[in-house]
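Take a look at the structure below.
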Amino acid sequence: MSFFISDAMAEGTAAAQGGGWEGIIPLVLLFVVFYFLLIRPQQKKVKEHKALVEAIKKGDEVVTYGGLAGKIRDLGENFCDVEIADNVIVKVERQNISRLLPKGTLKGE
C-alpha cells in the first residue's frame, strides 16, 4: 500500500514543477476562439446597423424589427414616421429599423 502512496506523491511533485503555463494556455485559446466566433462578428453587425440607421432618409422603404414595412415620411433625431398604408402613419424609433428595401418594393403589393 505504501508503494502506491509514494508514487502518487512523486507525481504530485513532478506536476508542481511543470509551471503555470499549461493551465493558462487553454484559457487564452478559449478567449481567442470566443473573440473570432462571437465578439468580432457581433461588433461588425452593430457597426453595419449603426451605419444603416444614420443613412436612412425621407422616402426610403424600410422594414422594422417588428415586421412593419413602409415608407419613411418624416425623420427626427430619435424617431421617424413610417407610412405603412394610405393615411396610416406610425412613429417608430430609428434604432428599430432593421433593413432598407429596394425602391418600389412596396408598390408591387
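By convention here, the chains of the C-alpha cells are called A, B, ... in the order presented, each chain's residues are numbered starting at 1, and ligands are numbered starting at 1 in the order presented.
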Taking the DSSP assignment computed from this structure's backbone, write out as an mmCIF file with N, CA and C atoms, in the first residue's frame all residues of stretch 13-70 of chain A that belong to helix (DSSP H, G or I).
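Full text of out.cif as output:
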```cif
data_model
loop_
_atom_site.group_PDB
_atom_site.id
_atom_site.type_symbol
_atom_site.label_atom_id
_atom_site.label_comp_id
_atom_site.auth_asym_id
_atom_site.auth_seq_id
_atom_site.Cartn_x
_atom_site.Cartn_y
_atom_site.Cartn_z
ATOM 1 N N THR A 13 4.728 16.013 -7.076
ATOM 2 C CA THR A 13 5.881 16.907 -7.126
ATOM 3 C C THR A 13 6.314 17.163 -8.559
ATOM 4 N N ALA A 14 6.167 16.199 -9.454
ATOM 5 C CA ALA A 14 6.546 16.399 -10.854
ATOM 6 C C ALA A 14 5.589 17.379 -11.523
ATOM 7 N N ALA A 15 4.314 17.276 -11.190
ATOM 8 C CA ALA A 15 3.331 18.181 -11.780
ATOM 9 C C ALA A 15 3.524 19.595 -11.261
ATOM 10 N N ALA A 16 3.913 19.737 -10.034
ATOM 11 C CA ALA A 16 4.114 21.067 -9.465
ATOM 12 C C ALA A 16 5.316 21.754 -10.081
ATOM 13 N N TRP A 21 2.056 27.673 -16.969
ATOM 14 C CA TRP A 21 1.684 27.962 -18.347
ATOM 15 C C TRP A 21 0.715 26.938 -18.930
ATOM 16 N N GLU A 22 0.814 25.705 -18.482
ATOM 17 C CA GLU A 22 -0.092 24.679 -19.019
ATOM 18 C C GLU A 22 -1.547 24.979 -18.672
ATOM 19 N N GLY A 23 -1.789 25.644 -17.570
ATOM 20 C CA GLY A 23 -3.154 25.988 -17.180
ATOM 21 C C GLY A 23 -3.669 27.250 -17.853
ATOM 22 N N ILE A 24 -2.780 28.128 -18.251
ATOM 23 C CA ILE A 24 -3.191 29.396 -18.855
ATOM 24 C C ILE A 24 -3.434 29.262 -20.354
ATOM 25 N N ILE A 25 -2.686 28.416 -21.017
ATOM 26 C CA ILE A 25 -2.788 28.277 -22.476
ATOM 27 C C ILE A 25 -4.205 27.906 -22.927
ATOM 28 N N PRO A 26 -4.895 26.931 -22.312
ATOM 29 C CA PRO A 26 -6.268 26.649 -22.754
ATOM 30 C C PRO A 26 -7.219 27.839 -22.555
ATOM 31 N N LEU A 27 -7.025 28.614 -21.507
ATOM 32 C CA LEU A 27 -7.873 29.785 -21.296
ATOM 33 C C LEU A 27 -7.647 30.837 -22.374
ATOM 34 N N VAL A 28 -6.403 31.039 -22.749
ATOM 35 C CA VAL A 28 -6.095 32.002 -23.811
ATOM 36 C C VAL A 28 -6.682 31.529 -25.136
ATOM 37 N N LEU A 29 -6.534 30.248 -25.431
ATOM 38 C CA LEU A 29 -7.104 29.710 -26.665
ATOM 39 C C LEU A 29 -8.623 29.830 -26.677
ATOM 40 N N LEU A 30 -9.253 29.604 -25.547
ATOM 41 C CA LEU A 30 -10.704 29.737 -25.446
ATOM 42 C C LEU A 30 -11.126 31.182 -25.704
ATOM 43 N N PHE A 31 -10.392 32.141 -25.147
ATOM 44 C CA PHE A 31 -10.716 33.544 -25.380
ATOM 45 C C PHE A 31 -10.559 33.909 -26.860
ATOM 46 N N VAL A 32 -9.509 33.407 -27.503
ATOM 47 C CA VAL A 32 -9.290 33.697 -28.923
ATOM 48 C C VAL A 32 -10.436 33.138 -29.764
ATOM 49 N N VAL A 33 -10.861 31.925 -29.462
ATOM 50 C CA VAL A 33 -11.980 31.322 -30.196
ATOM 51 C C VAL A 33 -13.250 32.136 -29.991
ATOM 52 N N PHE A 34 -13.548 32.529 -28.750
ATOM 53 C CA PHE A 34 -14.729 33.347 -28.484
ATOM 54 C C PHE A 34 -14.652 34.684 -29.217
ATOM 55 N N TYR A 35 -13.467 35.282 -29.262
ATOM 56 C CA TYR A 35 -13.325 36.571 -29.939
ATOM 57 C C TYR A 35 -13.668 36.448 -31.414
ATOM 58 N N PHE A 36 -13.095 35.458 -32.097
ATOM 59 C CA PHE A 36 -13.310 35.346 -33.536
ATOM 60 C C PHE A 36 -14.669 34.773 -33.910
ATOM 61 N N LEU A 37 -15.275 33.970 -33.043
ATOM 62 C CA LEU A 37 -16.568 33.383 -33.381
ATOM 63 C C LEU A 37 -17.766 34.163 -32.853
ATOM 64 N N LEU A 38 -17.597 34.921 -31.769
ATOM 65 C CA LEU A 38 -18.735 35.611 -31.172
ATOM 66 C C LEU A 38 -18.585 37.130 -31.122
ATOM 67 N N ILE A 39 -17.515 37.615 -30.566
ATOM 68 C CA ILE A 39 -17.384 39.044 -30.302
ATOM 69 C C ILE A 39 -17.181 39.838 -31.595
ATOM 70 N N ARG A 40 -16.254 39.425 -32.418
ATOM 71 C CA ARG A 40 -15.943 40.180 -33.633
ATOM 72 C C ARG A 40 -17.116 40.255 -34.606
ATOM 73 N N PRO A 41 -17.814 39.155 -34.908
ATOM 74 C CA PRO A 41 -18.977 39.268 -35.810
ATOM 75 C C PRO A 41 -20.078 40.159 -35.233
ATOM 76 N N GLN A 42 -20.271 40.117 -33.917
ATOM 77 C CA GLN A 42 -21.300 40.956 -33.302
ATOM 78 C C GLN A 42 -20.936 42.429 -33.425
ATOM 79 N N GLN A 43 -19.675 42.778 -33.240
ATOM 80 C CA GLN A 43 -19.249 44.167 -33.387
ATOM 81 C C GLN A 43 -19.433 44.643 -34.827
ATOM 82 N N LYS A 44 -19.165 43.771 -35.786
ATOM 83 C CA LYS A 44 -19.350 44.115 -37.192
ATOM 84 C C LYS A 44 -20.825 44.370 -37.495
ATOM 85 N N LYS A 45 -21.687 43.539 -36.954
ATOM 86 C CA LYS A 45 -23.120 43.696 -37.172
ATOM 87 C C LYS A 45 -23.629 45.000 -36.560
ATOM 88 N N VAL A 46 -23.132 45.356 -35.382
ATOM 89 C CA VAL A 46 -23.536 46.606 -34.728
ATOM 90 C C VAL A 46 -23.102 47.809 -35.562
ATOM 91 N N LYS A 47 -21.890 47.771 -36.109
ATOM 92 C CA LYS A 47 -21.406 48.870 -36.949
ATOM 93 C C LYS A 47 -22.257 49.022 -38.208
ATOM 94 N N GLU A 48 -22.617 47.901 -38.834
ATOM 95 C CA GLU A 48 -23.447 47.949 -40.037
ATOM 96 C C GLU A 48 -24.819 48.525 -39.735
ATOM 97 N N HIS A 49 -25.414 48.140 -38.605
ATOM 98 C CA HIS A 49 -26.739 48.651 -38.243
ATOM 99 C C HIS A 49 -26.678 50.145 -37.940
ATOM 100 N N LYS A 50 -25.628 50.571 -37.256
ATOM 101 C CA LYS A 50 -25.479 51.992 -36.954
ATOM 102 C C LYS A 50 -25.356 52.805 -38.241
ATOM 103 N N ALA A 51 -24.594 52.302 -39.205
ATOM 104 C CA ALA A 51 -24.456 52.985 -40.493
ATOM 105 C C ALA A 51 -25.793 53.032 -41.227
ATOM 106 N N LEU A 52 -26.572 51.963 -41.155
ATOM 107 C CA LEU A 52 -27.890 51.930 -41.787
ATOM 108 C C LEU A 52 -28.807 52.974 -41.175
ATOM 109 N N VAL A 53 -28.844 53.039 -39.856
ATOM 110 C CA VAL A 53 -29.735 53.980 -39.167
ATOM 111 C C VAL A 53 -29.352 55.423 -39.492
ATOM 112 N N GLU A 54 -28.073 55.693 -39.590
ATOM 113 C CA GLU A 54 -27.629 57.048 -39.916
ATOM 114 C C GLU A 54 -27.880 57.405 -41.377
ATOM 115 N N ALA A 55 -27.949 56.418 -42.258
ATOM 116 C CA ALA A 55 -28.068 56.674 -43.694
ATOM 117 C C ALA A 55 -29.514 56.789 -44.180
#
```
Residues of chain A classed as strand (DSSP E or B) by DSSP on the backbone are to be reported as a list of chain:residue names. A:Glu61, A:Val62, A:Val63, A:Thr64, A:Ala69, A:Gly70, A:Lys71, A:Ile72, A:Arg73, A:Asp74, A:Leu75, A:Phe79, A:Cys80, A:Asp81, A:Val82, A:Glu83, A:Ile84, A:Ala85, A:Val88, A:Ile89, A:Val90, A:Lys91, A:Val92, A:Glu93, A:Ile97, A:Ser98, A:Arg99, A:Leu100, A:Leu101
Go ahead and save the picked residues with N, CA and C atoms, as a PDB file, in the first residue's frame.
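This went into again-v7.pdb:
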```pdb
ATOM      1  N   GLU A  61     -37.828  53.066 -48.269  1.00  0.00           N
ATOM      2  CA  GLU A  61     -38.724  51.989 -47.853  1.00  0.00           C
ATOM      3  C   GLU A  61     -37.947  51.090 -46.904  1.00  0.00           C
ATOM      4  N   VAL A  62     -38.523  50.849 -45.734  1.00  0.00           N
ATOM      5  CA  VAL A  62     -37.818  50.127 -44.685  1.00  0.00           C
ATOM      6  C   VAL A  62     -38.696  49.036 -44.080  1.00  0.00           C
ATOM      7  N   VAL A  63     -38.037  48.138 -43.353  1.00  0.00           N
ATOM      8  CA  VAL A  63     -38.718  47.127 -42.545  1.00  0.00           C
ATOM      9  C   VAL A  63     -38.222  47.297 -41.122  1.00  0.00           C
ATOM     10  N   THR A  64     -39.139  47.243 -40.155  1.00  0.00           N
ATOM     11  CA  THR A  64     -38.763  47.366 -38.756  1.00  0.00           C
ATOM     12  C   THR A  64     -38.523  45.978 -38.172  1.00  0.00           C
ATOM     13  N   ALA A  69     -43.566  47.070 -42.655  1.00  0.00           N
ATOM     14  CA  ALA A  69     -42.879  47.576 -43.842  1.00  0.00           C
ATOM     15  C   ALA A  69     -43.589  48.844 -44.278  1.00  0.00           C
ATOM     16  N   GLY A  70     -42.825  49.866 -44.592  1.00  0.00           N
ATOM     17  CA  GLY A  70     -43.427  51.118 -45.008  1.00  0.00           C
ATOM     18  C   GLY A  70     -42.402  52.094 -45.519  1.00  0.00           C
ATOM     19  N   LYS A  71     -42.906  53.284 -45.840  1.00  0.00           N
ATOM     20  CA  LYS A  71     -42.074  54.342 -46.399  1.00  0.00           C
ATOM     21  C   LYS A  71     -41.902  55.436 -45.359  1.00  0.00           C
ATOM     22  N   ILE A  72     -40.687  55.925 -45.229  1.00  0.00           N
ATOM     23  CA  ILE A  72     -40.397  56.972 -44.242  1.00  0.00           C
ATOM     24  C   ILE A  72     -40.953  58.296 -44.747  1.00  0.00           C
ATOM     25  N   ARG A  73     -41.781  58.932 -43.919  1.00  0.00           N
ATOM     26  CA  ARG A  73     -42.383  60.220 -44.256  1.00  0.00           C
ATOM     27  C   ARG A  73     -41.707  61.388 -43.558  1.00  0.00           C
ATOM     28  N   ASP A  74     -41.218  61.170 -42.349  1.00  0.00           N
ATOM     29  CA  ASP A  74     -40.582  62.250 -41.600  1.00  0.00           C
ATOM     30  C   ASP A  74     -39.516  61.645 -40.699  1.00  0.00           C
ATOM     31  N   LEU A  75     -38.400  62.375 -40.565  1.00  0.00           N
ATOM     32  CA  LEU A  75     -37.290  61.907 -39.736  1.00  0.00           C
ATOM     33  C   LEU A  75     -37.036  62.890 -38.607  1.00  0.00           C
ATOM     34  N   PHE A  79     -36.707  59.427 -33.596  1.00  0.00           N
ATOM     35  CA  PHE A  79     -37.902  58.754 -34.119  1.00  0.00           C
ATOM     36  C   PHE A  79     -38.109  59.117 -35.582  1.00  0.00           C
ATOM     37  N   CYS A  80     -38.849  58.272 -36.289  1.00  0.00           N
ATOM     38  CA  CYS A  80     -39.241  58.593 -37.656  1.00  0.00           C
ATOM     39  C   CYS A  80     -40.683  58.142 -37.856  1.00  0.00           C
ATOM     40  N   ASP A  81     -41.376  58.837 -38.750  1.00  0.00           N
ATOM     41  CA  ASP A  81     -42.748  58.484 -39.086  1.00  0.00           C
ATOM     42  C   ASP A  81     -42.722  57.599 -40.319  1.00  0.00           C
ATOM     43  N   VAL A  82     -43.348  56.427 -40.198  1.00  0.00           N
ATOM     44  CA  VAL A  82     -43.365  55.458 -41.290  1.00  0.00           C
ATOM     45  C   VAL A  82     -44.805  55.256 -41.729  1.00  0.00           C
ATOM     46  N   GLU A  83     -45.056  55.440 -43.022  1.00  0.00           N
ATOM     47  CA  GLU A  83     -46.395  55.228 -43.578  1.00  0.00           C
ATOM     48  C   GLU A  83     -46.491  53.768 -44.000  1.00  0.00           C
ATOM     49  N   ILE A  84     -47.368  53.015 -43.310  1.00  0.00           N
ATOM     50  CA  ILE A  84     -47.479  51.582 -43.593  1.00  0.00           C
ATOM     51  C   ILE A  84     -48.647  51.269 -44.528  1.00  0.00           C
ATOM     52  N   ALA A  85     -49.564  52.222 -44.674  1.00  0.00           N
ATOM     53  CA  ALA A  85     -50.679  52.104 -45.609  1.00  0.00           C
ATOM     54  C   ALA A  85     -51.132  53.527 -45.928  1.00  0.00           C
ATOM     55  N   VAL A  88     -52.032  55.906 -42.998  1.00  0.00           N
ATOM     56  CA  VAL A  88     -51.729  55.229 -41.733  1.00  0.00           C
ATOM     57  C   VAL A  88     -50.236  55.428 -41.466  1.00  0.00           C
ATOM     58  N   ILE A  89     -49.952  56.292 -40.490  1.00  0.00           N
ATOM     59  CA  ILE A  89     -48.567  56.632 -40.181  1.00  0.00           C
ATOM     60  C   ILE A  89     -48.286  56.243 -38.738  1.00  0.00           C
ATOM     61  N   VAL A  90     -47.195  55.518 -38.546  1.00  0.00           N
ATOM     62  CA  VAL A  90     -46.780  55.128 -37.196  1.00  0.00           C
ATOM     63  C   VAL A  90     -45.439  55.762 -36.886  1.00  0.00           C
ATOM     64  N   LYS A  91     -45.236  56.059 -35.616  1.00  0.00           N
ATOM     65  CA  LYS A  91     -43.973  56.623 -35.167  1.00  0.00           C
ATOM     66  C   LYS A  91     -43.110  55.469 -34.661  1.00  0.00           C
ATOM     67  N   VAL A  92     -41.907  55.339 -35.227  1.00  0.00           N
ATOM     68  CA  VAL A  92     -41.009  54.230 -34.926  1.00  0.00           C
ATOM     69  C   VAL A  92     -39.671  54.805 -34.482  1.00  0.00           C
ATOM     70  N   GLU A  93     -39.083  54.188 -33.469  1.00  0.00           N
ATOM     71  CA  GLU A  93     -37.746  54.588 -33.066  1.00  0.00           C
ATOM     72  C   GLU A  93     -36.755  54.206 -34.170  1.00  0.00           C
ATOM     73  N   ILE A  97     -35.366  50.138 -36.940  1.00  0.00           N
ATOM     74  CA  ILE A  97     -35.379  49.854 -38.374  1.00  0.00           C
ATOM     75  C   ILE A  97     -34.337  48.773 -38.637  1.00  0.00           C
ATOM     76  N   SER A  98     -34.795  47.655 -39.189  1.00  0.00           N
ATOM     77  CA  SER A  98     -33.888  46.519 -39.361  1.00  0.00           C
ATOM     78  C   SER A  98     -33.203  46.510 -40.714  1.00  0.00           C
ATOM     79  N   ARG A  99     -33.920  46.903 -41.775  1.00  0.00           N
ATOM     80  CA  ARG A  99     -33.269  46.884 -43.082  1.00  0.00           C
ATOM     81  C   ARG A  99     -33.950  47.838 -44.042  1.00  0.00           C
ATOM     82  N   LEU A 100     -33.221  48.153 -45.068  1.00  0.00           N
ATOM     83  CA  LEU A 100     -33.678  49.048 -46.119  1.00  0.00           C
ATOM     84  C   LEU A 100     -34.118  48.213 -47.297  1.00  0.00           C
ATOM     85  N   LEU A 101     -35.273  48.534 -47.864  1.00  0.00           N
ATOM     86  CA  LEU A 101     -35.777  47.799 -49.018  1.00  0.00           C
ATOM     87  C   LEU A 101     -35.412  48.529 -50.306  1.00  0.00           C
TER      88      LEU A 101
END
```
re atom CA of A:Gly76 and atom CA of A:Gly104: distance 23.4 Å
